[in-house]
Every structure is written in C-alpha cells, then in structure tokens.
Amino acid sequence: MPRPAQISPFRTHLAPRDGISSRGARCLLAARLLLATCLCAAALAGCGGPTSQAERGPDSDAASRAAEDSGRLERETWDIVRIEGTQVGYAHTRLLRQTRDGREVFRVEARQHLRVERFGEPTEVDVAFTSVETPDGKLIELQTEMSLGPTPTRTAGRVDGGRLHLETTTAGKTVRNTIPWSDDYGGPAAMELSLLREPMKPGQERTVRSLEPGLNVVATRRLRATKPEEVELPEGRRKLLRIDLATLLPDGQQFRGTLWTDEDGDVLRSWTDAFDMVSVRATKELALAQGEELLDLGTGIAVKLDRPIARPHETVKARYRVELEGSDPAEVFPSGASQRVESTGKNTAVVTVYALRPGRPGGNPDAVPDEPTDDDRRPNSVVQSDAPKVVELARDAVGDAEDPWQKAVGLERFVGDYIRRVDFTQALATAAEVADNPTGDCTEHAVLLAAMARAAGLPARAAMGLIYVAGEQSFLYHMWTEVYIGGRWIPLDATLARGGTSAAYIKVGHSNLEGASALSSLLPVARVMRKLKVEVEEVEY
C-alpha cells in the first residue's frame with residue numbers, strides 16, 4: 001500500500017499579458033498567471049468556477065466536501081506560492097481513500113490560487129485538478145478546470161483501451177481528442193506519489209512520466225538526488241534532501257527545477273525556473289495570509305534598454321544583442337520570416353528583426369519554409385472562428401475585399417477599433433467571449449484577430465514576445481497575431497492597427513492555440529522573464 005500522497009505546487013508557470021496602444025490603451029503584456037498552473041494542476045472537478053473570493057476558499061468547495069463524505073481524508077496540505085520573495089497565492093491539496101466498484105482508489109484534489117497586480121489592477125487565476133488513481137498510481141479519470149477568463153475551461157478525461165480520452169469545454173464549445181496512454185504513465189500527482197512511496201537517497205536518479213493537466217500532454221521528469229542542505233521554511237531552517245529536476249515536454253521544451261524533501265519523501269520546498277517561482281509548505285493560516293500589497297507584473301518585468309529607439313514603429317530592420325541568464329537565446333527565440341537569431345556565445349545571441357509587408361523585399365533570407373497546418377486554419381476552443389458573432393464581425397471587417405493583404409489590414413483595423421476598453425483583470429478570454437464583450441488587453445486583441453482572420457479564410461496564429469515602448473525606454477511583454485500571406489507569416493498587431501508591425505518587436509514563440517499548444521507555447525515567455533538583457537546594436541528606417 002502506498003504512502004498517502006502529498007502534492008506540492010512546484011510545477012508552475014506564468015504567462016504573459018500585455019498590450020500597447022497609441023490611443024492611450026496601456027495594455028502592455030505583463031506576465032499573466034496563465035501558466036502558473038500548467039505544470040502544477042488544472043481546475044476544480046465537478047463544480048463551477050469560483051466567482052468570488054469567498055467561493056475561492058477551499059472550505060466552500062462543494063465537490064471536495066462531497067468527496068470527503070464518500071471517502072476517508074488521508075492527508076491535507078497547504079503551500080505558500082512566491083515570486084521574487086513576494087507571496088502571490090497558495091496551493092491546497094487533499095488525498096482521499098475511496099471505494100469504487102468494489103476496489104480501493106485514491107482521489108487527489110489540488111488547487112492553486114494566484115493573485116497579483118498588473119498596471120495597478122488585480123488579476124486572479126484559479127487552477128485545480130481532481131484525479132482518481134489506483135493504489136499503484138495508474139490513472140483512472142480526471143477533471144480539471146482553469147479560471148483564466150470570463151468562462152472557466154473544463155476538461156474531463158478517462159483512460160480506456162490504451163488511450164486517454166479528453167473532452168475540453170470553453171465558452172460552450174467542446175473539443176474531443178485522445179492521446180496514447182501507457183501503464184507506465186501516471187496521473188498529475190505521479191511524481192509526488194512516487195517520492196512518498198519510495199523516498200530518494202543521495203546519488204539516486206529516477207524518471208517519472210505523467211500527465212500535465214491543462215497542457216494535456218505526457219511530460220518526462222528526470223530527478224537526481226544530490227545531498228542534504230539547509231533550506232528556509234516558515235518554522236525555521238531545516239536540512240532537507242536536494243533533488244534536481246528536469247521536466248521535458250513532448251515538443252522539446254525543457255524546464256529546470258529543484259525539490260527539497262524530508263526523510264519521508266515529502267516535498268516541503270520547490271523551485272522552478274519558469275518565472276522563478278517558489279512554493280513552501282506552510283499552515284493554512286500562513287498560506288491564506290496574502291497581504292494587501294500585491295506584486296505588480298506590469299512594468300515591473302520590463303526589459304530596460306541602455307539607449308532609446310527613436311520612432312520605434314517606423315523601423316524596418318533592427319539588430320539586438322540578447323543575453324539570457326542560464327540559457328542560450330538561440331534555443332529559446334525562434335527564427336522565421338520576420339526574425340533571425342544567431343548564437344554568439346553560451347548565453348548571448350544577435351536577434352535581427354525585419355518589418356514585413358506582402359510583395360515587398362526583405363525579411364530573413366535564411367528563413368526555412370513554415371507552411372500553415374490545418375490547426376492554423378480551423379476553429380478550436382480558444383480561437384473560435386466558427387462562432388456566429390466572430391463570423392459576422394469578420395464579414396463586416398472584410399467587406400468586398402478579395403486581396404489577402406487588404407483583408408488582413410481591414411481585420412487588424414476593425415479589431416483595434418472594436419475593442420474599446422482595456423481590462424487587465426482577466427487572464428485569458430476566448431475569441432467568442434471577446435466578440436461578445438470587446439474588452440481586454442493585447443491577448444484579447446490577438447485572439448480575436450486570429451479567429452476573424454481564419455473566418456475570412458486566412459491561416460492565423462498568435463505570436464508572443466516583446467514590444468518596445470518609448471515612454472518606458474523598455475521592452476514589455478506582448479502578444480500579437482501572424483497571418484499567412486504570400487508564402488510567409490506576416491505579423492499584425494491590432495492594439496496599434498498600423499497595417500503590420502515594425503522592427504520594434506522581438507518574438508519569443510508562436511502558437512495556433514490548439515489544445516496543449518495554447519498553453520505550452522507560452523512557456524518560453526515564462527522562462528525568459530527577469531533573466532533577459534537587450535541592447536540595441538543597429539536600427540534602420
């Protein structure tokens with residue numbers, strides 16, 4: 001019989017948020033807490049998303065109470081979540097022993113609540129998962145919920161016939177898919193359960209493959225126990241075993257972390273390089289005791305420049321020297337038609353950015369072909385290009401235009417005019433939600449524009465990265481749109497609606513926002529925050 005499980009919230013990430021507008025809309029993409037849960041948990045099973053601070057409290061979780069009535073509570077833990085030493089939220093985990101169909105199972109419930117400021121406005125995210133597993137760790141079923149925008153995203157999954165069958169619902173749209181499943185794979189809490197069942201010793205190594213809720217992919221975790229060291233806990237310093245962690249996703253992205261466990265294999269402190277986030281075991285009172293002063297993830301994560309860029313949105317080409325702490329920028333920043341990345345050292349690279357227009361010379365001469373996929377064309381649970389309101393708006397924006405570039409510019413201008421109110425309080429709204437309620441920041445602009453472009457017959461995806469802001473003499477995190485025209489991906493930014501973008505953008509990643517890629521594509525942004533230095537080498541107009 002395995003030890004009671006205890007899940008720590010160390011698998012956490014963040015995502016961005018932004019916006020910039022010459023019309024006075026200050027929606028520069030601050031790191032939103034979108035991915036603060038992608039490697040930790042994903043939403044509340046069996047009940048609606050929390051709508052008030054009181055309802056967010058775990059004591060009011062009707063689903064958890066019902067589970068406790070039908071089983072025995074084996075363990076309950078609380079953890080403080082910090083960024084840069086500031087408490088930004090908590091994680092709450094419960095393990096219940098139940099009987100189903102005459103066999104014993106474990107029900108794991110985990111929730112993470114994060115609260116920060118973005119340009120003075122509070123932003124909150126709730127992510128949780130509930131999984132049912134056999135005593136030896138085999139996943140039976142799970143439910144997740146992510147409260148990132150106006151409508152929670154809910155996923156239900158069950159293992160059957162060597163596959164994990166998933167149904168994800170967002171804003172009334174349900175998407176079904178399956179992924180291959182092996183008996184060697186564990187549920188969302190597999191790593192923590194493994195450590196509790198068999199605590200590691202110095203010098204030991206272990207590999208655990210388990211589901212990442214929210215991402216809905218199987219991640220490979222490689223653990224290497226080093227030696228005991230003293231770490232700071234709320235009750236004081238304590239010697240714990242250090243375990244170095246590498247998490248590898250199927251798309252090749254890798255993240256580093258550290259776990260500190262006691263003699264029972266219980267993770268009492270953890271760290272991840274995605275946004276430099278720390279979790280620490282605590283009492284319920286300490287975990288819930290977040291102060292009134294919130295960490296501002298707006299201009300607080302700006303990348304300051306040594307000198308200003310004059311007329312940034314008139315630039316046609318720019319060379320930037322980029323230094324990334326702990327990583328090679330050439331392995332993080334992508335090359336493509338609008339950007340060329342050349343490694344110049346272990347932690348440095350030169351990024352050359354080009355302003356692109358269809359039918360005009362320019363762009364990265366070494367760009368490899370990047371054909372659009374079916375997922376760049378069709379609707380999904382975030383880019384709902386088939387939603388009636390989105391289709392109607394696209395028709396109004398395009399009018400009689402037939403030329404793809406005229407369509408694209410018309411769509412960009414329409415979205416820029418349509419979203420009139422800036423709102424930093426939500427983490428991520430879908431295209432259908434923005435069409436019905438035209439508020440938000442750069443992410444809402446980017447998602448709606450991508451959906452309307454697809455509705456008008458143009459392949460489209462979202463791009464994430466940085467944009468230069470003259471008043472700050474800094475790069476701030478941002479999201480924009482790319483459409484496929486004339487054999488190249490052409491950037492558009494509906495927050496400015498200038499008919500394309502300038503060389504004042506540095507791209508970190510892109511995504512068609514289909515399934516897992518909707519979140520995993522944002523993970524590189526979380527990795528570079530607070531670790532990036534940028535210098536301007538050359539600018540052309």
# chains A, B, ... in the order shown; residues from 1 in each chain; ligands from 1
>>> residues_around(residues="Tyr484 (chain A)", least_positions_apart="3", cutoff="10 Å", atoms="only C-alpha atoms", output="PyMOL selection string")
chain A and resi 358+370-372+376-377+404-405+408+453+458-461+487-491
>>> select_by_dssp(residues="region 439-473 of chain A", states="strand (DSSP E or B)", output="number ranges by chain")
A: 439-440, 460-469
>>> closest_residue(among="A:Thr481, A:Thr272, A:Gln473, A:Gln87", to="Thr443 (chain A)", atoms="only C-alpha atoms")
A:Thr481
>>> residues_around(residues="Ser502 (chain A)", least_positions_apart="6", cutoff="9 Å", atoms="only C-alpha atoms", output="list in words")
Pro312, His313, Glu314, Thr315, Val316, Lys317, Val353, Tyr354, Ala355, Leu356 and Pro491 of chain A
>>> write_last_selection(atoms="N, CA and C atoms", output="PDB file, in the first residue's frame")
ATOM      1  N   PRO A 312      10.110  54.151 -32.955  1.00  0.00           N
ATOM      2  CA  PRO A 312      10.214  52.686 -32.980  1.00  0.00           C
ATOM      3  C   PRO A 312       9.314  52.022 -34.016  1.00  0.00           C
ATOM      4  N   HIS A 313       8.121  52.582 -34.238  1.00  0.00           N
ATOM      5  CA  HIS A 313       7.188  51.911 -35.138  1.00  0.00           C
ATOM      6  C   HIS A 313       7.341  52.359 -36.588  1.00  0.00           C
ATOM      7  N   GLU A 314       8.436  53.066 -36.859  1.00  0.00           N
ATOM      8  CA  GLU A 314       8.816  53.356 -38.237  1.00  0.00           C
ATOM      9  C   GLU A 314      10.040  52.558 -38.645  1.00  0.00           C
ATOM     10  N   THR A 315      10.589  51.765 -37.759  1.00  0.00           N
ATOM     11  CA  THR A 315      11.779  50.972 -38.058  1.00  0.00           C
ATOM     12  C   THR A 315      11.433  49.852 -39.044  1.00  0.00           C
ATOM     13  N   VAL A 316      12.386  49.542 -39.929  1.00  0.00           N
ATOM     14  CA  VAL A 316      12.191  48.448 -40.885  1.00  0.00           C
ATOM     15  C   VAL A 316      13.143  47.286 -40.611  1.00  0.00           C
ATOM     16  N   LYS A 317      14.208  47.556 -39.850  1.00  0.00           N
ATOM     17  CA  LYS A 317      15.150  46.500 -39.501  1.00  0.00           C
ATOM     18  C   LYS A 317      15.894  46.916 -38.243  1.00  0.00           C
ATOM     19  N   VAL A 353      15.534  41.740 -36.491  1.00  0.00           N
ATOM     20  CA  VAL A 353      14.094  41.767 -36.704  1.00  0.00           C
ATOM     21  C   VAL A 353      13.794  42.584 -37.953  1.00  0.00           C
ATOM     22  N   TYR A 354      12.874  42.083 -38.778  1.00  0.00           N
ATOM     23  CA  TYR A 354      12.508  42.722 -40.035  1.00  0.00           C
ATOM     24  C   TYR A 354      11.025  43.086 -40.023  1.00  0.00           C
ATOM     25  N   ALA A 355      10.703  44.287 -40.528  1.00  0.00           N
ATOM     26  CA  ALA A 355       9.313  44.642 -40.782  1.00  0.00           C
ATOM     27  C   ALA A 355       8.919  44.035 -42.126  1.00  0.00           C
ATOM     28  N   LEU A 356       7.819  43.290 -42.155  1.00  0.00           N
ATOM     29  CA  LEU A 356       7.413  42.586 -43.374  1.00  0.00           C
ATOM     30  C   LEU A 356       6.140  43.174 -43.961  1.00  0.00           C
ATOM     31  N   PRO A 491       3.366  39.516 -39.504  1.00  0.00           N
ATOM     32  CA  PRO A 491       2.848  39.963 -38.203  1.00  0.00           C
ATOM     33  C   PRO A 491       1.845  41.110 -38.344  1.00  0.00           C
TER      34      PRO A 491
END
>>> closest_residue(among="A:Ala274, A:Leu73, A:Leu196, A:Leu288", to="Arg530 (chain A)", atoms="only C-alpha atoms")
A:Ala274
>>> select_by_dssp(residues="region 299-464 of chain A", states="alpha helix (DSSP H)", output="ChimeraX atom specification")
/A:388-398,404-418,431-436,442-455
>>> closest_residue(among="A:Tyr541, A:Trp78, A:Tyr185, A:Tyr90", to="Glu124 (chain A)", atoms="only C-alpha atoms")
A:Tyr90
>>> residues_around(residues="Asp328 (chain A)", least_positions_apart="5", cutoff="7 Å", atoms="only C-alpha atoms", output="PyMOL selection string")
chain A and resi 346-348
>>> residues_around(residues="Met479 (chain A)", least_positions_apart="3", cutoff="6 Å", atoms="only C-alpha atoms", output="list in words")
Cys442, Thr443, Ala463 and Met464 of chain A
>>> closest_residue(among="A:Pro180, A:Pro199, A:Arg269, A:Leu305", to="Val231 (chain A)", atoms="only C-alpha atoms")
A:Arg269
>>> closest_residue(among="A:Asp244, A:Asp136, A:Asp273, A:Glu192", to="Ile83 (chain A)", atoms="only C-alpha atoms")
A:Asp273
>>> residues_around(residues="Ser335 (chain A)", least_positions_apart="6", cutoff="9 Å", atoms="only C-alpha atoms", output="PDB file with N, CA and C atoms, in the first residue's frame")
ATOM      1  N   VAL A 341      17.881  34.665 -35.653  1.00  0.00           N
ATOM      2  CA  VAL A 341      18.568  34.534 -34.371  1.00  0.00           C
ATOM      3  C   VAL A 341      19.887  33.798 -34.605  1.00  0.00           C
ATOM      4  N   GLU A 342      20.993  34.429 -34.183  1.00  0.00           N
ATOM      5  CA  GLU A 342      22.320  33.849 -34.350  1.00  0.00           C
ATOM      6  C   GLU A 342      23.007  33.794 -32.986  1.00  0.00           C
ATOM      7  N   VAL A 351      19.752  39.064 -32.401  1.00  0.00           N
ATOM      8  CA  VAL A 351      18.429  38.895 -32.987  1.00  0.00           C
ATOM      9  C   VAL A 351      18.201  40.039 -33.968  1.00  0.00           C
ATOM     10  N   ASN A 364      13.993  37.679 -43.294  1.00  0.00           N
ATOM     11  CA  ASN A 364      15.127  36.808 -43.022  1.00  0.00           C
ATOM     12  C   ASN A 364      15.477  35.993 -44.265  1.00  0.00           C
ATOM     13  N   ASP A 366      17.445  33.616 -44.592  1.00  0.00           N
ATOM     14  CA  ASP A 366      17.724  32.215 -44.275  1.00  0.00           C
ATOM     15  C   ASP A 366      16.518  31.486 -43.699  1.00  0.00           C
ATOM     16  N   ALA A 367      15.347  32.128 -43.755  1.00  0.00           N
ATOM     17  CA  ALA A 367      14.158  31.510 -43.165  1.00  0.00           C
ATOM     18  C   ALA A 367      13.798  30.228 -43.900  1.00  0.00           C
ATOM     19  N   VAL A 368      13.507  29.197 -43.158  1.00  0.00           N
ATOM     20  CA  VAL A 368      13.089  27.926 -43.751  1.00  0.00           C
ATOM     21  C   VAL A 368      11.581  27.966 -43.972  1.00  0.00           C
ATOM     22  N   LYS A 507      10.268  38.374 -31.075  1.00  0.00           N
ATOM     23  CA  LYS A 507       9.379  37.227 -30.909  1.00  0.00           C
ATOM     24  C   LYS A 507      10.037  36.148 -30.058  1.00  0.00           C
TER      25      LYS A 507
END
>>> closest_residue(among="A:Gly509, A:Pro379, A:Pro234, A:Pro202", to="Lys284 (chain A)", atoms="only C-alpha atoms")
A:Pro234
>>> atom_distance(atom1="CA of Ser327 (chain A)", atom2="CA of Phe275 (chain A)")
13.8 Å
>>> atom_distance(atom1="CA of Met452 (chain A)", atom2="CA of Gly416 (chain A)")
12.5 Å
